[in-house]
$ cat entry_25.cif   # mmCIF, C-alpha atoms and all ligand atoms
data_run
#
loop_
_atom_site.label_atom_id
_atom_site.label_comp_id
_atom_site.auth_asym_id
_atom_site.auth_seq_id
_atom_site.Cartn_x
_atom_site.Cartn_y
_atom_site.Cartn_z
CA MET A 1 13.04 31.56 25.48
CA CYS A 2 16.09 29.37 26.04
CA GLU A 3 17.13 26.69 23.51
CA ASN A 4 16.69 23.62 25.67
CA LEU A 5 13.16 23.53 27.02
CA VAL A 6 13.30 20.18 28.83
CA GLY A 7 11.52 20.55 32.18
CA LYS A 8 9.30 23.43 30.97
CA THR A 9 5.54 23.19 31.07
CA LEU A 10 3.66 24.73 28.16
CA LYS A 11 0.08 25.94 28.40
CA GLU A 12 0.18 24.76 32.02
CA HIS A 13 -0.05 21.07 31.17
CA PHE A 14 2.39 19.94 28.46
CA LEU A 15 5.51 19.03 30.41
CA LEU A 16 8.52 18.72 28.09
CA GLU A 17 10.28 15.62 29.40
CA LYS A 18 12.87 14.71 26.81
CA LYS A 19 14.52 16.03 23.66
CA LEU A 20 13.83 13.66 20.76
CA ASP A 21 15.60 15.46 17.96
CA SER A 22 16.71 18.86 16.84
CA GLY A 23 17.01 20.19 13.33
CA GLY A 24 17.70 23.46 11.58
CA PHE A 25 14.27 24.69 12.46
CA GLY A 26 13.86 23.85 16.05
CA THR A 27 13.58 21.01 18.48
CA ILE A 28 11.27 18.06 18.97
CA TYR A 29 10.33 17.05 22.52
CA LEU A 30 8.53 14.19 24.12
CA ALA A 31 5.94 15.71 26.45
CA ARG A 32 3.50 14.48 29.07
CA ASP A 33 0.07 15.88 29.74
CA THR A 34 0.09 16.62 33.48
CA PHE A 35 -3.70 17.17 33.48
CA SER A 36 -4.38 13.70 32.23
CA ALA A 37 -4.66 10.94 34.85
CA ILE A 38 -3.00 8.44 32.53
CA GLY A 39 -0.31 10.97 31.58
CA GLY A 40 -0.81 10.79 27.80
CA ARG A 41 2.38 11.30 25.81
CA TYR A 42 2.80 13.83 23.01
CA VAL A 43 5.40 15.18 20.67
CA VAL A 44 5.93 18.93 20.80
CA LYS A 45 7.61 20.56 17.82
CA HIS A 46 9.19 23.85 18.67
CA PHE A 47 10.02 26.32 15.90
CA SER A 48 12.00 29.39 16.83
CA PRO A 49 12.45 31.61 13.77
CA ARG A 50 13.76 35.14 14.16
CA TYR A 51 11.87 37.90 12.36
CA GLU A 52 13.13 41.34 11.41
CA ASN A 53 9.94 43.18 12.24
CA GLU A 54 6.35 42.99 13.44
CA SER A 55 4.78 42.59 9.99
CA GLN A 56 6.93 39.53 9.24
CA LEU A 57 5.86 37.99 12.53
CA LYS A 58 2.18 38.74 11.79
CA THR A 59 2.37 37.06 8.38
CA ALA A 60 4.16 34.06 9.91
CA MET A 61 1.45 33.75 12.58
CA ARG A 62 -1.30 33.86 9.97
CA LEU A 63 0.41 31.21 7.84
CA PHE A 64 1.15 29.05 10.87
CA GLN A 65 -2.51 29.17 11.83
CA GLN A 66 -3.60 28.25 8.29
CA GLU A 67 -1.13 25.41 8.08
CA SER A 68 -2.03 24.03 11.47
CA ASP A 69 -5.70 24.04 10.45
CA SER A 70 -4.98 21.95 7.38
CA LEU A 71 -2.76 19.61 9.41
CA GLN A 72 -5.65 19.06 11.77
CA GLN A 73 -7.74 17.92 8.82
CA LEU A 74 -4.99 15.57 7.65
CA GLY A 75 -4.57 14.17 11.15
CA ASN A 76 -7.83 12.26 10.66
CA HIS A 77 -5.95 9.55 8.83
CA PRO A 78 -4.86 6.43 10.77
CA GLN A 79 -1.28 6.82 9.48
CA ILE A 80 -0.79 10.50 10.29
CA PRO A 81 -0.19 11.74 13.87
CA ARG A 82 -3.10 13.73 15.23
CA ILE A 83 -2.54 17.41 15.94
CA TYR A 84 -3.74 18.26 19.45
CA ASP A 85 -2.74 21.88 19.77
CA PHE A 86 -0.76 24.65 18.15
CA PHE A 87 0.12 28.03 19.60
CA GLU A 88 2.60 30.86 19.52
CA GLU A 89 4.41 32.27 22.57
CA GLU A 90 6.97 35.07 22.32
CA GLN A 91 7.79 34.39 18.67
CA ASN A 92 8.03 30.68 19.32
CA PHE A 93 5.69 28.34 17.52
CA PHE A 94 4.56 25.05 19.03
CA LEU A 95 2.78 22.13 17.47
CA VAL A 96 1.53 19.40 19.81
CA GLN A 97 0.91 16.07 18.14
CA GLU A 98 0.33 12.39 18.76
CA PHE A 99 3.45 10.45 19.79
CA ILE A 100 4.11 7.47 17.54
CA GLU A 101 6.07 4.85 19.40
CA GLY A 102 8.50 3.10 17.14
CA GLN A 103 11.46 3.65 14.88
CA THR A 104 11.86 5.85 11.87
CA LEU A 105 12.54 3.99 8.65
CA ARG A 106 15.92 5.68 8.64
CA GLN A 107 16.83 3.95 11.90
CA GLU A 108 15.30 0.70 10.70
CA LEU A 109 17.34 0.70 7.48
CA THR A 110 20.58 0.92 9.40
CA GLN A 111 19.68 -2.23 11.35
CA THR A 112 18.00 -4.52 8.84
CA ASP A 113 19.01 -6.38 5.71
CA ASN A 114 17.82 -5.26 2.34
CA PHE A 115 14.05 -5.49 1.98
CA ASP A 116 12.81 -8.45 0.00
CA GLN A 117 9.98 -8.02 -2.44
CA SER A 118 7.18 -8.60 0.03
CA GLN A 119 8.63 -6.12 2.58
CA ALA A 120 9.13 -3.55 -0.18
CA ILE A 121 5.57 -3.98 -1.46
CA LYS A 122 4.19 -3.58 2.07
CA LEU A 123 6.17 -0.38 2.63
CA LEU A 124 5.09 0.93 -0.74
CA THR A 125 1.38 0.18 -0.44
CA GLN A 126 1.11 1.49 3.12
CA THR A 127 2.81 4.76 2.24
CA LEU A 128 0.82 5.10 -0.98
CA GLU A 129 -2.41 4.82 1.01
CA VAL A 130 -1.48 7.82 3.12
CA LEU A 131 -0.16 9.79 0.12
CA LYS A 132 -3.39 9.11 -1.72
CA PHE A 133 -5.26 10.64 1.22
CA ILE A 134 -3.17 13.80 1.47
CA HIS A 135 -3.09 14.30 -2.31
CA GLU A 136 -6.87 14.01 -2.46
CA ALA A 137 -6.90 16.80 0.14
CA ARG A 138 -4.78 18.79 -2.41
CA TYR A 139 -1.71 18.68 -0.19
CA ILE A 140 1.83 17.83 -1.36
CA HIS A 141 4.05 16.63 1.45
CA ARG A 142 7.36 17.53 -0.26
CA ASP A 143 9.64 15.74 2.18
CA ILE A 144 9.09 12.02 1.83
CA LYS A 145 12.21 10.28 3.12
CA PRO A 146 13.08 7.52 5.60
CA ALA A 147 13.48 9.96 8.52
CA ASN A 148 9.89 11.10 8.00
CA LEU A 149 8.34 7.64 8.08
CA ILE A 150 7.84 5.98 11.47
CA ARG A 151 6.89 2.34 11.92
CA ASN A 152 4.52 2.01 14.86
CA ARG A 153 5.99 -0.72 17.03
CA PHE A 154 2.63 -2.15 18.07
CA ASP A 155 1.23 -3.05 14.67
CA ASN A 156 4.05 -2.20 12.21
CA ARG A 157 1.90 0.47 10.59
CA ILE A 158 3.87 3.14 8.73
CA PHE A 159 3.12 6.73 9.79
CA LEU A 160 3.97 9.78 7.75
CA ILE A 161 5.27 12.72 9.82
CA ASP A 162 6.82 16.15 9.31
CA PHE A 163 4.42 18.10 7.18
CA GLY A 164 7.19 20.43 6.26
CA ALA A 165 5.08 23.19 4.82
CA VAL A 166 4.78 24.53 8.36
CA LYS A 167 8.46 25.28 8.65
CA GLU A 168 8.49 26.59 5.09
CA LYS A 169 5.70 29.02 5.84
CA ILE A 170 7.27 30.44 8.96
CA ASN A 171 10.81 30.58 7.55
CA PRO A 172 11.97 34.24 7.75
CA LYS A 173 13.97 33.70 4.56
CA ASN A 174 10.67 33.46 2.72
CA PHE A 175 9.51 36.93 3.82
CA GLY A 176 10.18 40.29 2.25
CA ALA A 177 10.96 43.24 4.55
CA GLU A 178 7.29 44.20 4.59
CA GLY A 179 6.24 40.69 5.62
CA LYS A 180 5.10 39.39 2.24
CA PHE A 181 5.44 35.65 1.84
CA ALA A 182 7.29 34.57 -1.32
CA LEU A 183 8.78 31.11 -1.42
CA THR A 184 12.52 31.34 -1.90
CA VAL A 185 13.73 28.36 0.08
CA GLY A 186 12.18 25.04 -0.81
CA ILE A 187 12.44 21.79 1.09
CA LEU A 188 15.51 20.01 -0.16
CA SER A 189 16.39 16.49 0.78
CA PRO A 190 19.19 15.54 -1.61
CA GLY A 191 18.51 12.32 -3.45
CA TYR A 192 14.79 12.28 -2.68
CA THR A 193 13.78 15.69 -4.09
CA PRO A 194 12.98 15.59 -7.82
CA ASP A 195 13.98 18.23 -10.37
CA GLU A 196 10.65 20.03 -10.67
CA GLN A 197 10.56 20.54 -6.89
CA LEU A 198 14.15 21.79 -6.89
CA HIS A 199 12.93 24.37 -9.41
CA GLY A 200 10.17 25.43 -7.03
CA ARG A 201 7.29 23.66 -8.82
CA PRO A 202 6.39 20.55 -6.82
CA GLU A 203 3.74 18.25 -8.27
CA PHE A 204 1.82 15.44 -6.60
CA CYS A 205 4.14 13.04 -8.39
CA SER A 206 7.11 14.71 -6.64
CA ASP A 207 6.02 12.81 -3.52
CA LEU A 208 5.71 9.62 -5.59
CA TYR A 209 9.25 10.11 -6.89
CA ALA A 210 10.61 10.48 -3.37
CA LEU A 211 8.73 7.38 -2.25
CA GLY A 212 10.16 5.41 -5.19
CA MET A 213 13.62 6.45 -4.02
CA VAL A 214 12.84 5.35 -0.46
CA VAL A 215 11.75 1.91 -1.67
CA ILE A 216 14.88 1.58 -3.84
CA GLN A 217 17.00 2.46 -0.82
CA ALA A 218 15.18 -0.13 1.29
CA MET A 219 15.74 -2.81 -1.36
CA THR A 220 19.36 -1.99 -2.26
CA GLY A 221 20.73 -0.39 0.90
CA VAL A 222 22.06 2.41 -1.32
CA HIS A 223 21.24 6.06 -0.59
CA PRO A 224 19.60 7.65 -3.67
CA ASN A 225 22.36 10.24 -3.71
CA ASP A 226 24.80 7.48 -4.62
CA LEU A 227 22.81 6.31 -7.64
CA GLU A 228 23.37 7.57 -11.17
CA ARG A 229 21.37 7.83 -14.37
CA ASN A 230 22.49 6.47 -17.71
CA ILE A 231 22.51 8.37 -21.00
CA ASN A 232 18.76 7.72 -21.38
CA LEU A 233 18.20 9.23 -17.93
CA GLU A 234 17.24 5.85 -16.50
CA LEU A 235 18.17 5.34 -12.86
CA MET A 236 20.82 2.62 -12.54
CA TRP A 237 19.78 0.66 -9.48
CA ARG A 238 18.81 -2.89 -10.43
CA ASP A 239 22.38 -4.14 -10.35
CA ARG A 240 22.51 -3.10 -6.68
CA LEU A 241 19.76 -5.55 -5.66
CA ALA A 242 20.84 -8.34 -3.34
CA SER A 243 21.89 -11.37 -5.37
CA HIS A 244 19.98 -13.92 -3.28
CA LEU A 245 16.62 -12.18 -3.61
CA VAL A 246 14.16 -12.56 -6.45
CA TYR A 247 11.96 -9.79 -7.80
CA ASP A 248 9.06 -9.68 -10.21
CA LEU A 249 10.05 -7.68 -13.27
CA ASN A 250 6.66 -5.95 -13.30
CA PHE A 251 7.33 -4.68 -9.79
CA LEU A 252 10.76 -3.34 -10.74
CA ASN A 253 9.26 -1.64 -13.81
CA LEU A 254 6.64 -0.02 -11.61
CA ILE A 255 9.34 1.44 -9.34
CA ASP A 256 11.19 2.70 -12.41
CA LYS A 257 8.11 4.57 -13.54
CA MET A 258 7.88 6.27 -10.13
CA VAL A 259 11.42 7.65 -10.36
CA LYS A 260 11.49 8.90 -13.96
CA GLN A 261 13.47 12.09 -14.18
CA LYS A 262 10.76 13.90 -16.15
CA TRP A 263 7.68 14.29 -14.01
CA GLN A 264 5.38 13.93 -17.03
CA GLU A 265 6.61 10.36 -17.56
CA ARG A 266 5.90 9.25 -14.00
CA TYR A 267 2.79 7.88 -12.38
CA GLN A 268 0.61 10.87 -11.70
CA SER A 269 -1.32 9.52 -8.73
CA ALA A 270 -0.89 7.16 -5.82
CA GLN A 271 -4.11 5.47 -6.90
CA SER A 272 -2.73 4.54 -10.33
CA ILE A 273 0.28 2.87 -8.69
CA LEU A 274 -1.96 0.98 -6.28
CA GLU A 275 -4.00 -0.24 -9.27
CA ASP A 276 -0.88 -1.49 -11.05
CA LEU A 277 0.31 -3.16 -7.85
CA GLU A 278 -2.89 -5.12 -7.40
CA PRO A 279 -2.29 -7.82 -10.06
CA ILE A 280 1.32 -8.14 -8.89
CA ILE A 281 0.20 -8.72 -5.30
CA ILE A 282 -2.50 -11.19 -6.37
CA THR A 283 0.04 -13.14 -8.38
CA LEU A 284 2.43 -13.24 -5.45
CA ASN A 285 -0.24 -14.21 -2.94
CA THR A 286 -1.52 -17.04 -5.06
CA GLY A 287 2.09 -18.09 -5.54
CA ILE A 288 1.52 -18.56 -9.25
CA SER A 289 4.63 -16.79 -10.37
CA ARG A 290 6.74 -16.97 -7.24
CA PRO A 291 9.93 -18.59 -8.45
CA ALA A 292 12.18 -20.67 -6.24
CA PRO A 293 15.14 -18.76 -4.74
CA GLN A 294 18.01 -18.56 -7.20
CA PRO A 295 21.70 -17.99 -6.54
CA GLN A 296 21.66 -14.93 -8.85
CA PRO A 297 19.04 -12.17 -9.00
CA VAL A 298 16.54 -13.37 -11.54
CA LEU A 299 14.27 -10.80 -13.08
CA LEU A 300 11.21 -12.59 -14.25
CA GLU A 301 8.30 -11.53 -16.41
CA ARG A 302 5.18 -12.91 -14.80
CA SER A 303 4.30 -14.62 -18.07
CA GLN A 304 7.66 -16.43 -18.04
CA THR A 305 7.53 -17.66 -14.50
CA PRO A 306 6.82 -21.25 -13.58
CA GLU A 307 3.20 -21.78 -12.78
CA THR A 308 1.90 -23.79 -9.88
CA PRO A 309 0.49 -27.08 -11.12
CA GLN A 310 -3.09 -26.57 -12.24
CA LYS A 311 -5.69 -29.03 -11.02
CA THR A 312 -6.39 -31.24 -14.01
CA LEU A 313 -8.90 -33.99 -14.64
CA GLN A 314 -7.13 -37.27 -13.80
CA LEU A 315 -7.39 -39.83 -16.57
CA PRO A 316 -7.57 -43.49 -15.49
CA ASP A 317 -4.47 -45.53 -16.09
CA LYS A 318 -4.42 -48.75 -18.19
CA SER A 319 -5.39 -51.19 -15.41
CA ASN A 320 -8.32 -48.96 -14.47
CA LYS A 321 -9.51 -48.97 -18.07
CA PHE A 322 -9.55 -52.78 -18.05
CA LYS A 323 -11.54 -52.86 -14.80
CA ILE A 324 -14.13 -50.50 -16.24
CA LEU A 325 -14.56 -52.55 -19.46
CA PHE A 326 -14.88 -55.79 -17.46
CA GLY A 327 -17.56 -54.24 -15.22
CA LEU A 328 -19.51 -52.98 -18.23
CA GLY A 329 -19.47 -56.50 -19.75
CA ILE A 330 -20.92 -58.10 -16.62
CA LEU A 331 -23.59 -55.42 -16.40
CA SER A 332 -24.72 -56.01 -19.98
CA ALA A 333 -24.78 -59.81 -19.45
CA ILE A 334 -27.32 -59.32 -16.64
CA ALA A 335 -29.30 -56.42 -18.06
CA ILE A 336 -29.96 -57.62 -21.64
CA PRO A 337 -31.73 -60.96 -20.84
CA LEU A 338 -33.71 -59.18 -18.14
CA LEU A 339 -34.90 -56.62 -20.67
CA LEU A 340 -35.86 -59.30 -23.20
CA TYR A 341 -37.72 -61.26 -20.54
CA THR A 342 -39.72 -58.22 -19.45
CA THR A 343 -40.63 -57.31 -23.03
CA ASN A 344 -41.60 -60.85 -23.74
CA THR A 345 -43.73 -61.14 -20.65
CA GLN A 346 -45.49 -57.94 -21.49
CA SER A 347 -46.14 -59.11 -25.09
CA ASN A 348 -47.76 -62.35 -23.79
CA ASN A 349 -50.25 -60.46 -21.70
CA TYR A 350 -53.04 -60.21 -24.31
CA ILE A 351 -56.73 -60.95 -24.30
CA THR A 352 -58.51 -62.27 -27.37
CA TYR A 353 -61.74 -60.69 -28.43
CA GLU A 354 -63.89 -62.40 -31.00
CA ASN A 355 -67.37 -61.97 -32.50
CA GLU A 356 -68.96 -62.91 -35.77
CA HIS A 357 -67.10 -60.15 -37.70
CA ILE A 358 -63.72 -59.89 -36.10
CA LYS A 359 -61.13 -61.64 -33.99
CA LEU A 360 -58.34 -59.64 -32.33
CA ASP A 361 -55.78 -59.76 -29.49
CA TYR A 362 -55.47 -56.65 -27.31
CA PRO A 363 -53.32 -55.79 -24.27
CA ALA A 364 -54.87 -56.88 -21.02
CA LYS A 365 -54.54 -53.38 -19.49
CA TRP A 366 -56.80 -51.86 -22.17
CA SER A 367 -60.39 -51.37 -21.01
CA ARG A 368 -63.21 -52.58 -23.17
CA GLU A 369 -66.04 -50.33 -24.09
CA ILE A 370 -69.17 -51.50 -25.89
CA SER A 371 -70.38 -48.93 -28.36
CA SER A 372 -73.81 -49.16 -29.92
CA ASN A 373 -72.48 -47.69 -33.24
CA PHE A 374 -70.10 -50.46 -33.81
N1 LIG B 401 4.77 12.23 16.09
C1 LIG B 401 5.97 11.73 16.35
N2 LIG B 401 6.09 10.60 17.05
C2 LIG B 401 7.31 10.10 17.33
N3 LIG B 401 8.47 10.67 16.96
C3 LIG B 401 8.42 11.80 16.24
C4 LIG B 401 7.16 12.39 15.90
N4 LIG B 401 7.41 13.51 15.20
C5 LIG B 401 8.74 13.61 15.10
N5 LIG B 401 9.37 12.58 15.73
C6 LIG B 401 10.82 12.34 15.83
O1 LIG B 401 11.49 13.57 15.65
C7 LIG B 401 12.25 13.55 14.42
C8 LIG B 401 12.16 14.90 13.74
O2 LIG B 401 10.80 15.23 13.53
P1 LIG B 401 10.31 15.94 12.21
O3 LIG B 401 8.84 16.19 12.36
O4 LIG B 401 10.71 15.10 11.07
O5 LIG B 401 11.07 17.31 12.26
P2 LIG B 401 12.25 17.94 11.39
O6 LIG B 401 11.63 19.14 10.82
O7 LIG B 401 13.34 18.23 12.35
O8 LIG B 401 12.66 16.95 10.34
C9 LIG B 401 11.68 12.41 13.61
O9 LIG B 401 12.61 11.88 12.70
C10 LIG B 401 11.30 11.44 14.71
O10 LIG B 401 12.43 10.75 15.17
MG MG B 402 11.82 15.41 9.37
#
$ encode --input "entry_25.cif" --output "structure tokens" --more "lines below"
Ligand SMILES: Nc1ncnc2c1ncn2[C@@H]1O[C@H](COP(=O)(O)OP(=O)(O)O)[C@@H](O)[C@H]1O
Ligand SMILES: [Mg+2]
Amino acid sequence: MCENLVGKTLKEHFLLEKKLDSGGFGTIYLARDTFSAIGGRYVVKHFSPRYENESQLKTAMRLFQQESDSLQQLGNHPQIPRIYDFFEEEQNFFLVQEFIEGQTLRQELTQTDNFDQSQAIKLLTQTLEVLKFIHEARYIHRDIKPANLIRNRFDNRIFLIDFGAVKEKINPKNFGAEGKFALTVGILSPGYTPDEQLHGRPEFCSDLYALGMVVIQAMTGVHPNDLERNINLELMWRDRLASHLVYDLNFLNLIDKMVKQKWQERYQSAQSILEDLEPIIITLNTGISRPAPQPQPVLLERSQTPETPQKTLQLPDKSNKFKILFGLGILSAIAIPLLLYTTNTQSNNYITYENEHIKLDYPAKWSREISSNF
């Protein structure tokens, strides 16, 4: 099959209209479904590995099938393109997936200023949500980087693309002569790939490391390859933050924990980062610790930041106090004689009873009862 497939129709209805990109592993096309009345648009990924023999090809086909099955499961997430079809034709592998209209974060970063805190938090939380989903499905992406994140232009949602394990599993370099799969070539994206993955042992937190690097790049404009670690292995990046932007120190500490060199010292799950982000987001949304813009980057502990004025009980001022005392005086002048008068009136309301033994005054409201024993 020739290299440029523009104009070809696959499976009788996927017309390859335009080349979107081409990498070491093949080419990505924009395709149209000629069967569909509305001409739905798709992305077709074409892999064209070359195998030495039949058994290598058979293993690759089996692995491709397996991988495509798991991608179909993952495609049920609203931030992962759906997989519509996958097939093999004459040693060429094709994956047909949902077309996400928008820009990759890589393109976006070349056109925009450094992300402020709120943009960085949005990017982080959205990507963490999708990582949480794939990690819970026991899948490690292994190639988180700006070129593999697309922002949907309709609602700004971040999509994660390029589930690279497909190309890894059909890479002829990973096959022995008798077609046995043994990983020799990992996915390497310099700057984003952490040590343990470079040594062939990716962890879930390898994806979290790469995402931390992406967020740092978005905030500083510096590619992670151009950042260094100090003697304590801490990544030196805070001094590259834009001087007119202000960041919460808790947020910066959280990013630091994502990009620790030793994987054991990092966050181990997307969920635990989301949990630590929650109080930071609440604080920012309520504005309690949002400091006013400063000329220099100011790294603030939330406990140190100026608080919004709390609603307090307002005490009356001096003139109000006088008014209240004056009012109380007038009230007592009216109420006290009234009370005395009422009591007095009531006390005068007595009836006198008298017989040969006794004489007494009793309240008029009492009833009189004549008892024979008396
Ligand atoms: N589903 C998609 N929707 C829109 N564009 C895509 C899609 N998949 C890939 N692309 C475009 O093609 C490029 C390469 O695709 P990717 O899956 O990352 O393959 P590669 O293995 O070459 O990195 C992406 O950076 C993006 O520009
Ligand atoms: Mg890619």
$ residues_around --input "entry_25.cif" --residues "range 263-274 of chain A" --least-positions-apart "4" --cutoff "7 Å" --atoms "all atoms listed in the file" --output "ChimeraX atom specification"
/A:125,128,131-132,204-205,257-259,278
$ closest_residue --input "entry_25.cif" --among "A:Asn355, A:Asn225, A:Gln261, A:Ser189" --to "ligand LIG 401 (chain B)" --atoms "all atoms listed in the file"
A:Ser189
$ closest_residue --input "entry_25.cif" --among "A:Thr27, A:Asn250, A:Gln73, A:Thr220" --to "Met236 in chain A" --atoms "all atoms listed in the file"
A:Thr220
$ atom_distance --input "entry_25.cif" --atom1 "CA of Arg82 in chain A" --atom2 "CA of Phe99 in chain A"
8.6 Å
$ closest_residue --input "entry_25.cif" --among "A:Gln72, A:Gln217, A:Asn92, A:Ser22" --to "Tyr51 in chain A" --atoms "only C-alpha atoms"
A:Asn92
$ residues_near_ligand --input "entry_25.cif" --ligand "ligand MG 402 (chain B)" --cutoff "8 Å" --atoms "all atoms listed in the file" --output "JSON, numbers by chain"
{"A": [143, 147, 148, 161, 162, 164]}
$ write_last_selection --input "entry_25.cif" --atoms "C-alpha atoms" --output "PDB file, in the coordinates of the input"
ATOM      1  CA  ASP A 143       9.640  15.740   2.180  1.00  0.00           C
ATOM      2  CA  ALA A 147      13.480   9.960   8.520  1.00  0.00           C
ATOM      3  CA  ASN A 148       9.890  11.100   8.000  1.00  0.00           C
ATOM      4  CA  ILE A 161       5.270  12.720   9.820  1.00  0.00           C
ATOM      5  CA  ASP A 162       6.820  16.150   9.310  1.00  0.00           C
ATOM      6  CA  GLY A 164       7.190  20.430   6.260  1.00  0.00           C
TER       7      GLY A 164
END
$ closest_residue --input "entry_25.cif" --among "A:Trp366, A:Pro202, A:Leu252, A:Lys260" --to "Asn232 in chain A" --atoms "only C-alpha atoms"
A:Lys260
$ closest_atom_pairs --input "entry_25.cif" --of "chain A" --to "ligand LIG 401 (chain B)" --cutoff "9 Å" --atoms "all atoms listed in the file" --output "tab-separated table"
residue	atom	partner	partner_atom	distance
A:Lys19	CA	B:LIG401	O1	8.9
A:Leu20	CA	B:LIG401	O1	5.6
A:Asp21	CA	B:LIG401	O1	5.1
A:Ser22	CA	B:LIG401	O7	5.6
A:Gly23	CA	B:LIG401	O7	4.3
A:Gly24	CA	B:LIG401	O7	6.9
A:Phe25	CA	B:LIG401	O6	6.4
A:Gly26	CA	B:LIG401	O7	6.7
A:Thr27	CA	B:LIG401	O7	6.7
A:Ile28	CA	B:LIG401	O1	5.6
A:Tyr29	CA	B:LIG401	O1	7.8
A:Leu30	CA	B:LIG401	N3	8.0
A:Tyr42	CA	B:LIG401	N1	7.4
A:Val43	CA	B:LIG401	N1	5.5
A:Val44	CA	B:LIG401	N4	7.9
A:Lys45	CA	B:LIG401	O3	7.1
A:Phe47	CA	B:LIG401	O6	8.9
A:Ile80	CA	B:LIG401	N1	8.2
A:Pro81	CA	B:LIG401	N1	5.5
A:Arg82	CA	B:LIG401	N1	8.1
A:Ile83	CA	B:LIG401	N1	9.0
A:Val96	CA	B:LIG401	N1	8.7
A:Gln97	CA	B:LIG401	N1	5.8
A:Glu98	CA	B:LIG401	N1	5.2
A:Phe99	CA	B:LIG401	N2	3.8
A:Ile100	CA	B:LIG401	N2	3.7
A:Glu101	CA	B:LIG401	C2	5.8
A:Gly102	CA	B:LIG401	C2	7.1
A:Gln103	CA	B:LIG401	O10	7.2
A:Thr104	CA	B:LIG401	O10	5.9
A:Leu105	CA	B:LIG401	O9	8.9
A:Arg106	CA	B:LIG401	O9	8.1
A:Gln107	CA	B:LIG401	O10	8.7
A:Asp143	CA	B:LIG401	O8	8.8
A:Pro146	CA	B:LIG401	O9	8.3
A:Ala147	CA	B:LIG401	O9	4.7
A:Asn148	CA	B:LIG401	O4	5.1
A:Leu149	CA	B:LIG401	O9	7.6
A:Ile150	CA	B:LIG401	C2	7.2
A:Asn152	CA	B:LIG401	C2	8.9
A:Phe159	CA	B:LIG401	N1	8.5
A:Leu160	CA	B:LIG401	N1	8.7
A:Ile161	CA	B:LIG401	O3	5.6
A:Asp162	CA	B:LIG401	O3	3.7
A:Phe163	CA	B:LIG401	O3	7.1
A:Gly164	CA	B:LIG401	O6	6.5
A:Lys167	CA	B:LIG401	O6	7.2
$ closest_residue --input "entry_25.cif" --among "A:Asp207, A:Asp226, A:Gln197, A:Met219" --to "Ile121 in chain A" --atoms "all atoms listed in the file"
A:Met219
$ residues_around --input "entry_25.cif" --residues "Asn76 in chain A" --least-positions-apart "6" --cutoff "12 Å" --atoms "all atoms listed in the file" --output "VMD selection string"
chain A and resid 69 to 70 82 to 84 98 130 133 to 134 137
$ atom_distance --input "entry_25.cif" --atom1 "CA of Gly7 in chain A" --atom2 "CA of Leu95 in chain A"
17.2 Å
$ closest_residue --input "entry_25.cif" --among "A:Arg229, A:Val222, A:His141, A:Leu10" --to "Ile187 in chain A" --atoms "all atoms listed in the file"
A:His141
$ atom_distance --input "entry_25.cif" --atom1 "CA of Trp237 in chain A" --atom2 "CA of Lys122 in chain A"
19.9 Å
$ residues_around --input "entry_25.cif" --residues "Gln65 in chain A" --least-positions-apart "2" --cutoff "12 Å" --atoms "only C-alpha atoms" --output "list in words"
Lys58, Thr59, Ala60, Met61, Arg62, Leu63, Glu67, Ser68, Asp69, Ser70, Leu71, Gln72, Asp85, Phe86, Phe87, Glu88, Phe93, Phe94, Leu95, Ala165, Val166, Lys169 and Ile170 of chain A
$ axis_aligned_box --input "entry_25.cif" --around "range 122-138 of chain A" --padding-each-side "4 Å" --output "JSON"
{"center_x": -0.4, "center_y": 7.6, "center_z": 0.3, "size_x": 21.1, "size_y": 30.4, "size_z": 13.6}
